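For reference, query35.txt is printed below; it contains compact mmCIF, C-alpha atoms and all ligand atoms.
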# COMPACT_ATOMS: atom_id res chain seq x y z
CA MET H 1 11.64 9.19 17.94
CA ASN H 2 12.40 8.94 14.23
CA LEU H 3 8.79 8.88 13.00
CA VAL H 4 7.56 12.08 11.34
CA THR H 5 4.35 13.11 9.63
CA ALA H 6 4.64 13.57 5.88
CA ASN H 7 4.87 17.23 4.84
CA SER H 8 7.18 19.14 2.51
CA GLU H 9 9.68 19.80 5.29
CA SER H 10 9.96 16.17 6.43
CA ILE H 11 10.12 14.96 2.84
CA GLN H 12 13.01 17.38 2.17
CA HIS H 13 14.78 16.05 5.22
CA ALA H 14 14.17 12.46 4.12
CA ALA H 15 15.54 13.25 0.65
CA GLN H 16 18.74 14.58 2.24
CA ILE H 17 19.11 11.34 4.19
CA ILE H 18 18.70 9.31 1.00
CA LYS H 19 21.25 11.47 -0.84
CA SER H 20 23.77 11.00 1.94
CA GLY H 21 23.41 7.22 1.92
CA GLY H 22 20.92 6.68 4.77
CA LEU H 23 17.72 4.64 5.13
CA VAL H 24 14.21 6.09 5.02
CA ALA H 25 10.95 4.18 5.40
CA PHE H 26 8.21 5.78 3.31
CA PRO H 27 4.59 5.14 2.35
CA THR H 28 3.46 3.89 -1.05
CA GLU H 29 -0.05 2.92 -2.15
CA THR H 30 0.83 -0.78 -1.68
CA VAL H 31 2.92 -1.15 1.50
CA TYR H 32 5.61 0.90 3.26
CA GLY H 33 9.05 0.68 1.66
CA LEU H 34 12.51 0.71 3.24
CA GLY H 35 14.39 3.02 0.91
CA ALA H 36 17.97 3.88 0.02
CA ASP H 37 19.69 5.53 -2.94
CA GLY H 38 19.33 2.82 -5.59
CA LEU H 39 22.50 3.88 -7.40
CA ASN H 40 24.67 3.78 -4.25
CA PRO H 41 25.73 0.17 -3.47
CA ILE H 42 26.82 0.94 0.10
CA ALA H 43 23.49 2.54 0.91
CA VAL H 44 21.65 -0.42 -0.64
CA ALA H 45 23.70 -2.85 1.46
CA LYS H 46 22.22 -1.22 4.57
CA ILE H 47 18.75 -2.37 3.46
CA PHE H 48 19.81 -6.01 3.47
CA GLU H 49 21.41 -5.58 6.89
CA ALA H 50 18.34 -3.93 8.39
CA LYS H 51 15.92 -6.50 6.96
CA LYS H 52 18.15 -9.49 7.57
CA ARG H 53 17.36 -10.38 4.00
CA PRO H 54 19.24 -13.03 2.00
CA THR H 55 21.17 -11.18 -0.64
CA PHE H 56 19.89 -13.40 -3.45
CA ASN H 57 16.63 -11.50 -3.31
CA PRO H 58 16.83 -8.46 -5.63
CA LEU H 59 15.20 -5.07 -4.98
CA ILE H 60 12.75 -2.88 -6.86
CA LEU H 61 13.90 0.57 -8.02
CA HIS H 62 11.21 3.21 -7.43
CA ILE H 63 11.05 6.12 -9.84
CA ALA H 64 8.94 9.29 -10.03
CA GLU H 65 9.41 10.15 -13.69
CA LYS H 66 8.92 7.81 -16.62
CA ASN H 67 12.08 8.96 -18.39
CA TRP H 68 14.04 6.90 -15.84
CA PHE H 69 12.87 3.71 -17.58
CA THR H 70 15.21 4.27 -20.49
CA LYS H 71 18.07 5.23 -18.17
CA LEU H 72 17.78 2.03 -16.13
CA ALA H 73 16.54 -0.56 -18.61
CA SER H 74 17.19 -1.51 -22.22
CA SER H 75 14.71 -2.82 -24.78
CA ILE H 76 11.59 -0.91 -23.86
CA ASP H 77 9.47 -1.77 -26.85
CA GLU H 78 5.89 -0.75 -27.60
CA ASN H 79 4.32 -3.59 -25.59
CA VAL H 80 6.12 -2.39 -22.49
CA GLU H 81 5.34 1.25 -23.26
CA LEU H 82 1.65 0.40 -23.39
CA LEU H 83 1.78 -1.06 -19.88
CA ILE H 84 3.70 1.94 -18.57
CA GLU H 85 1.11 4.27 -20.07
CA LYS H 86 -1.86 2.37 -18.72
CA PHE H 87 -0.74 1.26 -15.24
CA MET H 88 1.94 3.65 -14.03
CA PRO H 89 2.01 5.21 -11.56
CA GLY H 90 0.36 2.23 -9.85
CA PRO H 91 0.88 -1.12 -8.12
CA LEU H 92 2.81 -2.73 -10.98
CA THR H 93 6.53 -3.62 -11.16
CA LEU H 94 8.22 -4.35 -14.49
CA VAL H 95 11.30 -6.56 -14.69
CA LEU H 96 13.39 -5.61 -17.72
CA PRO H 97 16.95 -6.12 -19.00
CA LYS H 98 19.13 -3.73 -16.98
CA LYS H 99 21.66 -1.12 -18.01
CA ASP H 100 25.14 -0.87 -16.44
CA ILE H 101 24.22 2.10 -14.24
CA VAL H 102 22.20 -0.28 -12.00
CA PRO H 103 24.47 -1.72 -9.27
CA ASP H 104 24.72 -5.52 -8.97
CA ILE H 105 23.66 -5.44 -5.35
CA VAL H 106 20.24 -4.10 -6.44
CA THR H 107 19.65 -6.95 -8.87
CA SER H 108 21.55 -9.64 -6.93
CA GLY H 109 23.71 -10.10 -9.98
CA ASN H 110 20.75 -10.71 -12.30
CA SER H 111 20.87 -9.11 -15.73
CA THR H 112 17.39 -7.68 -15.15
CA VAL H 113 16.10 -4.81 -13.03
CA ALA H 114 12.68 -4.35 -11.40
CA ILE H 115 11.19 -0.87 -11.79
CA ARG H 116 8.05 0.65 -10.32
CA MET H 117 6.45 4.09 -10.14
CA PRO H 118 4.35 4.24 -6.96
CA ASN H 119 0.99 6.01 -7.03
CA HIS H 120 1.53 7.95 -3.82
CA LEU H 121 2.26 11.67 -3.59
CA VAL H 122 4.67 11.33 -0.65
CA ALA H 123 6.70 8.62 -2.39
CA LEU H 124 6.78 10.53 -5.67
CA GLU H 125 7.88 13.77 -4.00
CA LEU H 126 10.56 11.98 -1.99
CA ILE H 127 12.01 10.29 -5.08
CA LYS H 128 11.97 13.57 -7.06
CA GLU H 129 13.65 15.49 -4.26
CA ALA H 130 16.29 12.79 -3.81
CA GLY H 131 16.98 12.96 -7.56
CA THR H 132 17.75 9.23 -7.75
CA PRO H 133 15.79 5.98 -8.05
CA ILE H 134 15.04 4.66 -4.57
CA ALA H 135 15.69 0.95 -3.99
CA ALA H 136 13.09 -0.32 -1.55
CA PRO H 137 11.75 -3.65 -0.39
CA SER H 138 8.74 -3.77 1.89
CA ALA H 139 9.79 -2.33 5.26
CA ASN H 140 9.47 -5.52 7.29
CA LYS H 141 11.96 -8.10 8.54
CA PHE H 142 12.53 -10.80 5.93
CA GLY H 143 9.65 -13.27 5.70
CA HIS H 144 7.33 -11.37 8.03
CA LEU H 145 4.12 -9.40 7.51
CA SER H 146 4.38 -6.39 5.23
CA PRO H 147 3.74 -2.99 6.85
CA THR H 148 0.68 -1.00 5.81
CA GLU H 149 0.99 1.68 8.51
CA ALA H 150 3.99 3.63 9.78
CA ILE H 151 3.70 2.13 13.25
CA HIS H 152 4.20 -1.36 11.80
CA VAL H 153 7.59 -0.20 10.50
CA GLN H 154 8.46 1.44 13.78
CA LYS H 155 7.63 -1.70 15.71
CA TYR H 156 9.83 -4.04 13.68
CA LEU H 157 12.57 -1.85 12.18
CA GLY H 158 12.38 1.38 14.21
CA SER H 159 15.93 1.32 15.49
CA LYS H 160 17.39 0.41 12.12
CA VAL H 161 16.14 3.29 9.95
CA ASP H 162 17.19 6.93 10.02
CA LEU H 163 13.66 8.21 9.45
CA ILE H 164 10.12 6.87 9.02
CA ILE H 165 7.69 9.09 7.13
CA ASP H 166 4.11 8.58 8.24
CA GLY H 167 1.74 8.99 5.31
CA GLY H 168 -1.21 7.12 6.86
CA LYS H 169 -2.62 3.76 5.89
CA CYS H 170 -1.69 2.26 2.49
CA SER H 171 -4.73 2.31 0.21
CA VAL H 172 -3.99 -0.89 -1.75
CA GLY H 173 -2.45 -2.76 1.20
CA ILE H 174 -0.83 -5.59 -0.78
CA GLU H 175 2.41 -5.45 -2.78
CA SER H 176 2.69 -4.63 -6.46
CA THR H 177 2.14 -7.21 -9.18
CA ILE H 178 5.49 -8.14 -10.74
CA ILE H 179 5.82 -9.06 -14.39
CA GLN H 180 8.88 -9.74 -16.46
CA TYR H 181 9.31 -8.90 -20.14
CA GLU H 182 11.81 -11.02 -22.00
CA GLU H 183 12.22 -11.44 -25.73
CA GLY H 184 8.66 -10.52 -26.56
CA ASN H 185 7.03 -12.54 -23.75
CA PHE H 186 5.44 -11.46 -20.48
CA TYR H 187 5.77 -13.64 -17.37
CA LEU H 188 3.92 -13.19 -14.07
CA LEU H 189 6.40 -13.33 -11.17
CA ARG H 190 4.13 -12.23 -8.32
CA HIS H 191 0.41 -11.64 -7.94
CA GLY H 192 -0.33 -8.22 -6.47
CA GLY H 193 -2.28 -4.98 -6.48
CA ILE H 194 -3.26 -5.13 -10.17
CA SER H 195 -5.03 -8.32 -11.13
CA LYS H 196 -3.60 -10.77 -13.65
CA GLU H 197 -6.86 -10.51 -15.58
CA ASP H 198 -6.55 -6.71 -15.96
CA LEU H 199 -2.95 -6.99 -17.11
CA GLU H 200 -3.66 -9.76 -19.59
CA LYS H 201 -6.18 -7.50 -21.33
CA ILE H 202 -3.12 -5.53 -22.48
CA THR H 203 -0.39 -8.17 -22.65
CA GLY H 204 -2.39 -11.19 -23.81
CA LYS H 205 -2.01 -14.44 -21.82
CA PHE H 206 1.17 -14.60 -19.76
CA SER H 207 3.75 -17.18 -20.78
CA ASN H 208 4.72 -19.91 -18.33
CA LYS H 209 8.14 -19.60 -16.82
CA LYS H 210 10.27 -22.47 -15.64
CA LEU H 211 11.02 -21.69 -12.02
CA ASP H 212 14.37 -22.39 -10.44
CA ALA H 213 13.61 -23.03 -6.78
CA ASP H 214 17.27 -22.79 -5.79
CA LYS H 215 17.62 -19.30 -7.13
CA PRO H 216 14.26 -17.63 -6.65
CA ASN H 217 14.11 -14.21 -8.21
CA SER H 218 10.75 -13.21 -6.83
CA PRO H 219 9.16 -13.89 -3.44
CA GLY H 220 6.32 -15.57 -5.29
CA GLN H 221 8.82 -18.38 -5.80
CA LEU H 222 9.76 -18.90 -2.16
CA PRO H 223 7.70 -21.55 -0.34
CA PHE H 224 6.95 -19.26 2.58
CA HIS H 225 6.82 -15.54 3.17
CA TYR H 226 4.56 -12.80 4.53
CA SER H 227 3.97 -14.63 7.81
CA PRO H 228 2.68 -13.45 11.17
CA ASN H 229 4.50 -14.80 14.26
CA THR H 230 1.35 -16.73 15.21
CA PRO H 231 0.64 -20.00 13.36
CA LEU H 232 -1.87 -19.43 10.60
CA LYS H 233 -4.10 -22.08 8.99
CA PHE H 234 -6.92 -22.09 6.51
CA TYR H 235 -10.29 -22.35 8.23
CA ASP H 236 -11.46 -25.87 8.94
CA GLU H 237 -14.09 -26.78 11.54
CA SER H 238 -11.90 -29.61 12.84
CA LEU H 239 -9.38 -27.01 14.07
CA LEU H 240 -11.87 -25.30 16.41
CA ASP H 241 -10.77 -25.98 19.97
CA GLU H 242 -12.33 -24.23 23.00
CA SER H 243 -9.12 -24.60 25.01
CA LYS H 244 -7.19 -22.40 22.56
CA ASN H 245 -7.10 -18.66 21.91
CA ILE H 246 -8.09 -18.54 18.28
CA GLY H 247 -8.39 -15.49 16.03
CA ALA H 248 -10.57 -15.81 12.94
CA LEU H 249 -10.48 -13.87 9.72
CA PHE H 250 -13.54 -14.26 7.52
CA PHE H 251 -14.08 -12.87 4.05
CA ARG H 252 -17.62 -11.39 4.21
CA GLU H 253 -19.08 -12.54 7.52
CA LYS H 254 -18.65 -14.93 10.40
CA THR H 255 -19.81 -18.37 9.29
CA ASP H 256 -20.10 -20.24 12.62
CA ASN H 257 -20.93 -19.78 16.33
CA PHE H 258 -17.51 -20.50 17.79
CA ASN H 259 -16.28 -18.31 20.62
CA TYR H 260 -13.16 -16.70 19.13
CA LYS H 261 -10.78 -14.51 21.10
CA ILE H 262 -11.09 -12.11 18.19
CA GLU H 263 -12.86 -12.23 14.85
CA ARG H 264 -12.61 -9.89 11.89
CA VAL H 265 -14.09 -9.63 8.41
CA LEU H 266 -11.99 -8.60 5.40
CA SER H 267 -14.85 -6.99 3.49
CA PRO H 268 -18.52 -7.16 4.52
CA SER H 269 -19.58 -6.33 0.95
CA GLY H 270 -17.25 -8.96 -0.53
CA ASN H 271 -15.09 -6.35 -2.24
CA LEU H 272 -11.64 -7.80 -3.03
CA ARG H 273 -9.98 -4.38 -3.07
CA GLU H 274 -11.20 -3.67 0.41
CA ALA H 275 -10.17 -7.18 1.48
CA ALA H 276 -6.62 -6.70 0.16
CA ALA H 277 -6.32 -3.33 1.89
CA ASN H 278 -7.35 -4.87 5.22
CA LEU H 279 -5.36 -8.12 5.05
CA PHE H 280 -1.96 -7.15 6.53
CA LEU H 281 -3.58 -4.55 8.79
CA ILE H 282 -5.71 -7.18 10.53
CA LEU H 283 -2.90 -9.76 10.68
CA HIS H 284 -0.69 -7.15 12.39
CA GLU H 285 -3.46 -6.58 14.91
CA PHE H 286 -3.84 -10.34 15.52
CA GLU H 287 -0.09 -10.71 15.98
CA THR H 288 -0.18 -8.41 19.03
CA LEU H 289 -2.80 -10.55 20.82
CA ASP H 290 -0.85 -13.63 21.88
CA LEU H 291 -3.13 -16.02 20.01
CA ASP H 292 -2.43 -19.76 19.68
CA LEU H 293 -3.77 -19.93 16.17
CA ILE H 294 -5.15 -17.73 13.39
CA LEU H 295 -7.77 -19.27 11.12
CA VAL H 296 -8.43 -17.66 7.76
CA GLU H 297 -11.29 -18.39 5.40
CA LYS H 298 -10.19 -19.28 1.86
CA ILE H 299 -11.39 -16.97 -0.89
CA GLU H 300 -11.88 -17.35 -4.60
CA GLN H 301 -8.68 -17.08 -6.62
CA SER H 302 -9.65 -14.51 -9.19
CA GLY H 303 -8.83 -10.83 -9.49
CA LEU H 304 -7.13 -9.59 -6.32
CA GLY H 305 -8.26 -12.82 -4.65
CA SER H 306 -5.22 -14.47 -6.28
CA ALA H 307 -2.83 -12.05 -4.57
CA ILE H 308 -4.58 -12.48 -1.21
CA MET H 309 -4.54 -16.29 -1.44
CA ASP H 310 -0.88 -16.21 -2.52
CA ARG H 311 0.10 -14.30 0.65
CA LEU H 312 -2.04 -16.54 2.87
CA THR H 313 -0.77 -19.79 1.36
CA LYS H 314 2.82 -18.73 2.02
CA ALA H 315 1.99 -17.80 5.61
CA VAL H 316 0.35 -21.23 6.10
CA ASN H 317 3.42 -22.96 4.64
CA LYS H 318 5.74 -21.26 7.10
CA HIS H 319 4.21 -23.08 10.03
CA TYR H 320 4.39 -26.66 8.82
O1 LIG G 1 4.55 -2.99 -3.68
C1 LIG G 1 5.73 -3.31 -3.69
O2 LIG G 1 6.25 -3.89 -4.65
C2 LIG G 1 6.58 -2.95 -2.45
C3 LIG G 1 6.64 -1.43 -2.33
C4 LIG G 1 7.53 -0.98 -1.21
O3 LIG G 1 7.04 -0.87 -3.54
N1 LIG G 1 7.87 -3.52 -2.55
C5 LIG G 1 8.10 -4.83 -2.40
O4 LIG G 1 9.46 -5.14 -2.42
O5 LIG G 1 7.22 -5.64 -2.24
P1 LIG G 1 9.98 -6.56 -1.96
O6 LIG G 1 11.45 -6.44 -2.04
O7 LIG G 1 9.41 -6.92 -0.63
O8 LIG G 1 9.50 -7.52 -3.08
C6 LIG G 1 9.93 -7.27 -4.41
C7 LIG G 1 10.39 -8.50 -5.06
C8 LIG G 1 11.70 -9.04 -4.54
O9 LIG G 1 11.54 -9.91 -3.49
C9 LIG G 1 12.28 -9.75 -5.72
O10 LIG G 1 12.12 -11.15 -5.62
C10 LIG G 1 11.49 -9.23 -6.90
O11 LIG G 1 10.68 -8.20 -6.41
N2 LIG G 1 12.46 -8.69 -7.83
C11 LIG G 1 13.19 -7.58 -7.69
N3 LIG G 1 14.05 -7.45 -8.70
C12 LIG G 1 13.85 -8.51 -9.51
C13 LIG G 1 14.45 -8.96 -10.71
N4 LIG G 1 15.45 -8.28 -11.30
N5 LIG G 1 14.01 -10.10 -11.25
C14 LIG G 1 13.02 -10.79 -10.66
N6 LIG G 1 12.41 -10.44 -9.51
C15 LIG G 1 12.83 -9.30 -8.94
MG MG G 2 8.45 -7.98 0.87

Using structure tokens, write down the structure from this file.
Ligand code: TXA
Ligand code: MG
Amino acid sequence: MNLVTANSESIQHAAQIIKSGGLVAFPTETVYGLGADGLNPIAVAKIFEAKKRPTFNPLILHIAEKNWFTKLASSIDENVELLIEKFMPGPLTLVLPKKDIVPDIVTSGNSTVAIRMPNHLVALELIKEAGTPIAAPSANKFGHLSPTEAIHVQKYLGSKVDLIIDGGKCSVGIESTIIQYEEGNFYLLRHGGISKEDLEKITGKFSNKKLDADKPNSPGQLPFHYSPNTPLKFYDESLLDESKNIGALFFREKTDNFNYKIERVLSPSGNLREAAANLFLILHEFETLDLDLILVEKIEQSGLGSAIMDRLTKAVNKHY
């Protein structure tokens, strides 16, 4: 059993594993990460192996102290500093021009590096103890649901990691928002735990980036991702079929009288934060139930609703 409760002893142990080139799954406020020493290319390669992830997809470096920004990235001007001050630690990732110290395997050969400071005491202590930035994608197999509890990691990657630190349920429950800063402009690469609207109050309107579908540099640019093993579709009455085991996920409340195998509500009060925190948790639960189909109610695409709809749309696309 390689799952341990988070405490100072287990975090010390985990930090030793990181320093010696091993893999540790750890909690953050967004989702669980699959971590390795971000400055050790061989250790980072193990992440790609464990996840079965295409190597074109670069990784985020997680830091615990803001002075790492200037060690890892160049051109941190005042616009970027403002964002760091206001939103870090927190569910925001900044993509910036990289310095040479960052290995190519972390950035997939890109000249930029993604950096984030998680707002989670266990993650911060682990990174500090390890004394190195920790490269970590979400601790799921490539393309599948992201883990928001330690048991999700154990179920899908248990045999592939040296240690899983259990720090309870992730409070945000959806990945960080990723933005890129390039020559004075900000670009949104992935919706996530901080809303576009809140970020734009500081950055001004994001610029539009021309996407290169053949070389995606953020999962927001892949056509599918974040999918449960069960087919998932947006709710439509025409899909209701008594002969099938259907699971339904509503936003505030059940809106029909159909006899579902299971039904859940993301947030009875209509709170998007609560909905985001419950999204992957409920989809993991549905995935264990041998359903024929999962139906999900569409929600409004504003605030965190954009991040939720982004994840759901990609899951729907997977099952075309
Ligand atoms: O909340 C999160 O961001 C979680 C937790 C563990 O921190 N991490 C996470 O990592 O979601 P991952 O690898 O599943 O998604 C991060 C994405 C990558 O897929 C990649 O496309 C994008 O960040 N990314 C990383 N480095 C990049 C870069 N240099 N340029 C553009 N996109 C980058
Ligand atoms: Mg991921």

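Between CA of Thr177 (chain H) and CA of Ser267 (chain H) lies a distance of 21.2 Å.
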
Using only C-alpha atoms, collect all residues at a distance of at most 10 Å from (3.2, 4.4, 13.0) as written in the file, then present them as number ranges by chain.
H: 3-5, 147-155, 158, 164-169

Report as a ChimeraX atom specification all protein, DNA and RNA residues lying within 7 Å of region 289-292 of chain H, evaluated on only C-alpha atoms, omitting residues in the same chain fewer than 4 positions from it.
/H:230,244-247

Using all atoms listed in the file, can you list as a PyMOL selection string the residues within 6 Å of (27.3, -4.7, -4.7)?
chain H and resi 41+104-105

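Coordinates place CA of Ala277 (chain H) at a distance of 21.4 Å from CA of Pro231 (chain H).
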
Applying 9 Å and only C-alpha atoms, which residues near region 19-29 of chain H remain after dropping the ones on its own chain fewer than 3 positions away? List them as a PyMOL selection string.
chain H and resi 6+14-16+32-37+40+42-44+46-47+90-91+118-124+126+130-132+136+138-139+148-150+153+160-175

Using all atoms listed in the file, the shortest atom-to-atom distance to Leu39 (chain H) among H:Leu189, H:Val80, H:Leu92, H:Leu59 belongs to H:Leu59

Shell around Asn67 (chain H) at 12 Å using only C-alpha atoms, local window under 2 positions removed, as a ChimeraX atom specification
/H:63-65,69-73,76,81,84,115,117,133

Counting all atoms listed in the file, figure out which residue out of H:Thr30, H:Asn259, H:Gln180, H:Gln12 gets nearest to Ser243 (chain H).
H:Asn259

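For Asp77 (chain H), the list of residues within 12 Å, based on all atoms listed in the file and with local chain neighbours fewer than 6 positions off taken out, reads Phe69, Thr70, Leu83, Ile84, Leu96, Pro97, Tyr181, Glu182, Glu183, Gly184 and Asn185 of chain H.
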
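For the set H:Lys196, H:His144, H:Lys261, H:Lys98, the residue with the smallest atom-to-atom gap to ligand MG 2 (chain G) is H:His144, counting all atoms listed in the file.
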
Could you check which of H:Ser146, H:Ile134, H:Phe258, H:Ile60 is closest to Ile178 (chain H), using all atoms listed in the file?
H:Ile60

Some atoms are missing, so please complete region 274-283 of chain H with all heavy atoms and return it as a tab-separated table (two decimals), in the frame of the given file.
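Saved as out13.tsv:
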chain	number	residue	atom	x	y	z
H	274	GLU	N	-11.13	-3.98	-1.02
H	274	GLU	CA	-11.20	-3.67	0.41
H	274	GLU	C	-10.53	-4.80	1.21
H	274	GLU	O	-9.81	-4.56	2.19
H	274	GLU	CB	-12.67	-3.51	0.83
H	274	GLU	CG	-12.83	-3.10	2.27
H	274	GLU	CD	-14.30	-2.97	2.70
H	274	GLU	OE1	-15.17	-3.67	2.12
H	274	GLU	OE2	-14.56	-2.18	3.61
H	275	ALA	N	-10.76	-6.03	0.78
H	275	ALA	CA	-10.17	-7.18	1.48
H	275	ALA	C	-8.64	-7.11	1.45
H	275	ALA	O	-7.98	-7.31	2.47
H	275	ALA	CB	-10.66	-8.49	0.85
H	276	ALA	N	-8.08	-6.79	0.28
H	276	ALA	CA	-6.62	-6.70	0.16
H	276	ALA	C	-6.08	-5.59	1.07
H	276	ALA	O	-5.07	-5.76	1.74
H	276	ALA	CB	-6.23	-6.43	-1.29
H	277	ALA	N	-6.79	-4.46	1.09
H	277	ALA	CA	-6.32	-3.33	1.89
H	277	ALA	C	-6.35	-3.65	3.38
H	277	ALA	O	-5.58	-3.09	4.15
H	277	ALA	CB	-7.17	-2.10	1.60
H	278	ASN	N	-7.22	-4.55	3.80
H	278	ASN	CA	-7.35	-4.87	5.22
H	278	ASN	C	-6.49	-6.05	5.65
H	278	ASN	O	-6.29	-6.27	6.85
H	278	ASN	CB	-8.81	-5.19	5.56
H	278	ASN	CG	-9.64	-3.93	5.65
H	278	ASN	OD1	-9.13	-2.88	6.04
H	278	ASN	ND2	-10.91	-4.03	5.29
H	279	LEU	N	-6.00	-6.85	4.71
H	279	LEU	CA	-5.36	-8.12	5.05
H	279	LEU	C	-4.19	-7.98	6.04
H	279	LEU	O	-4.23	-8.52	7.15
H	279	LEU	CB	-4.87	-8.81	3.77
H	279	LEU	CG	-4.14	-10.13	3.99
H	279	LEU	CD1	-5.10	-11.20	4.48
H	279	LEU	CD2	-3.46	-10.60	2.70
H	280	PHE	N	-3.14	-7.25	5.66
H	280	PHE	CA	-1.96	-7.15	6.53
H	280	PHE	C	-2.30	-6.37	7.80
H	280	PHE	O	-1.79	-6.66	8.88
H	280	PHE	CB	-0.78	-6.52	5.80
H	280	PHE	CG	-0.11	-7.44	4.81
H	280	PHE	CD1	0.05	-7.09	3.48
H	280	PHE	CD2	0.38	-8.68	5.22
H	280	PHE	CE1	0.68	-7.93	2.57
H	280	PHE	CE2	1.01	-9.53	4.33
H	280	PHE	CZ	1.16	-9.16	3.00
H	281	LEU	N	-3.17	-5.38	7.64
H	281	LEU	CA	-3.58	-4.55	8.79
H	281	LEU	C	-4.17	-5.43	9.90
H	281	LEU	O	-3.80	-5.34	11.07
H	281	LEU	CB	-4.65	-3.57	8.29
H	281	LEU	CG	-4.83	-2.28	9.05
H	281	LEU	CD1	-3.59	-1.42	8.93
H	281	LEU	CD2	-6.03	-1.53	8.46
H	282	ILE	N	-5.06	-6.32	9.53
H	282	ILE	CA	-5.71	-7.18	10.53
H	282	ILE	C	-4.73	-8.22	11.07
H	282	ILE	O	-4.70	-8.49	12.27
H	282	ILE	CB	-6.96	-7.87	9.92
H	282	ILE	CG1	-8.02	-6.80	9.60
H	282	ILE	CG2	-7.52	-8.93	10.86
H	282	ILE	CD1	-9.23	-7.31	8.85
H	283	LEU	N	-3.88	-8.77	10.20
H	283	LEU	CA	-2.90	-9.76	10.68
H	283	LEU	C	-1.91	-9.13	11.66
H	283	LEU	O	-1.50	-9.75	12.64
H	283	LEU	CB	-2.18	-10.43	9.51
H	283	LEU	CG	-3.07	-11.36	8.66
H	283	LEU	CD1	-2.28	-11.91	7.48
H	283	LEU	CD2	-3.65	-12.50	9.49
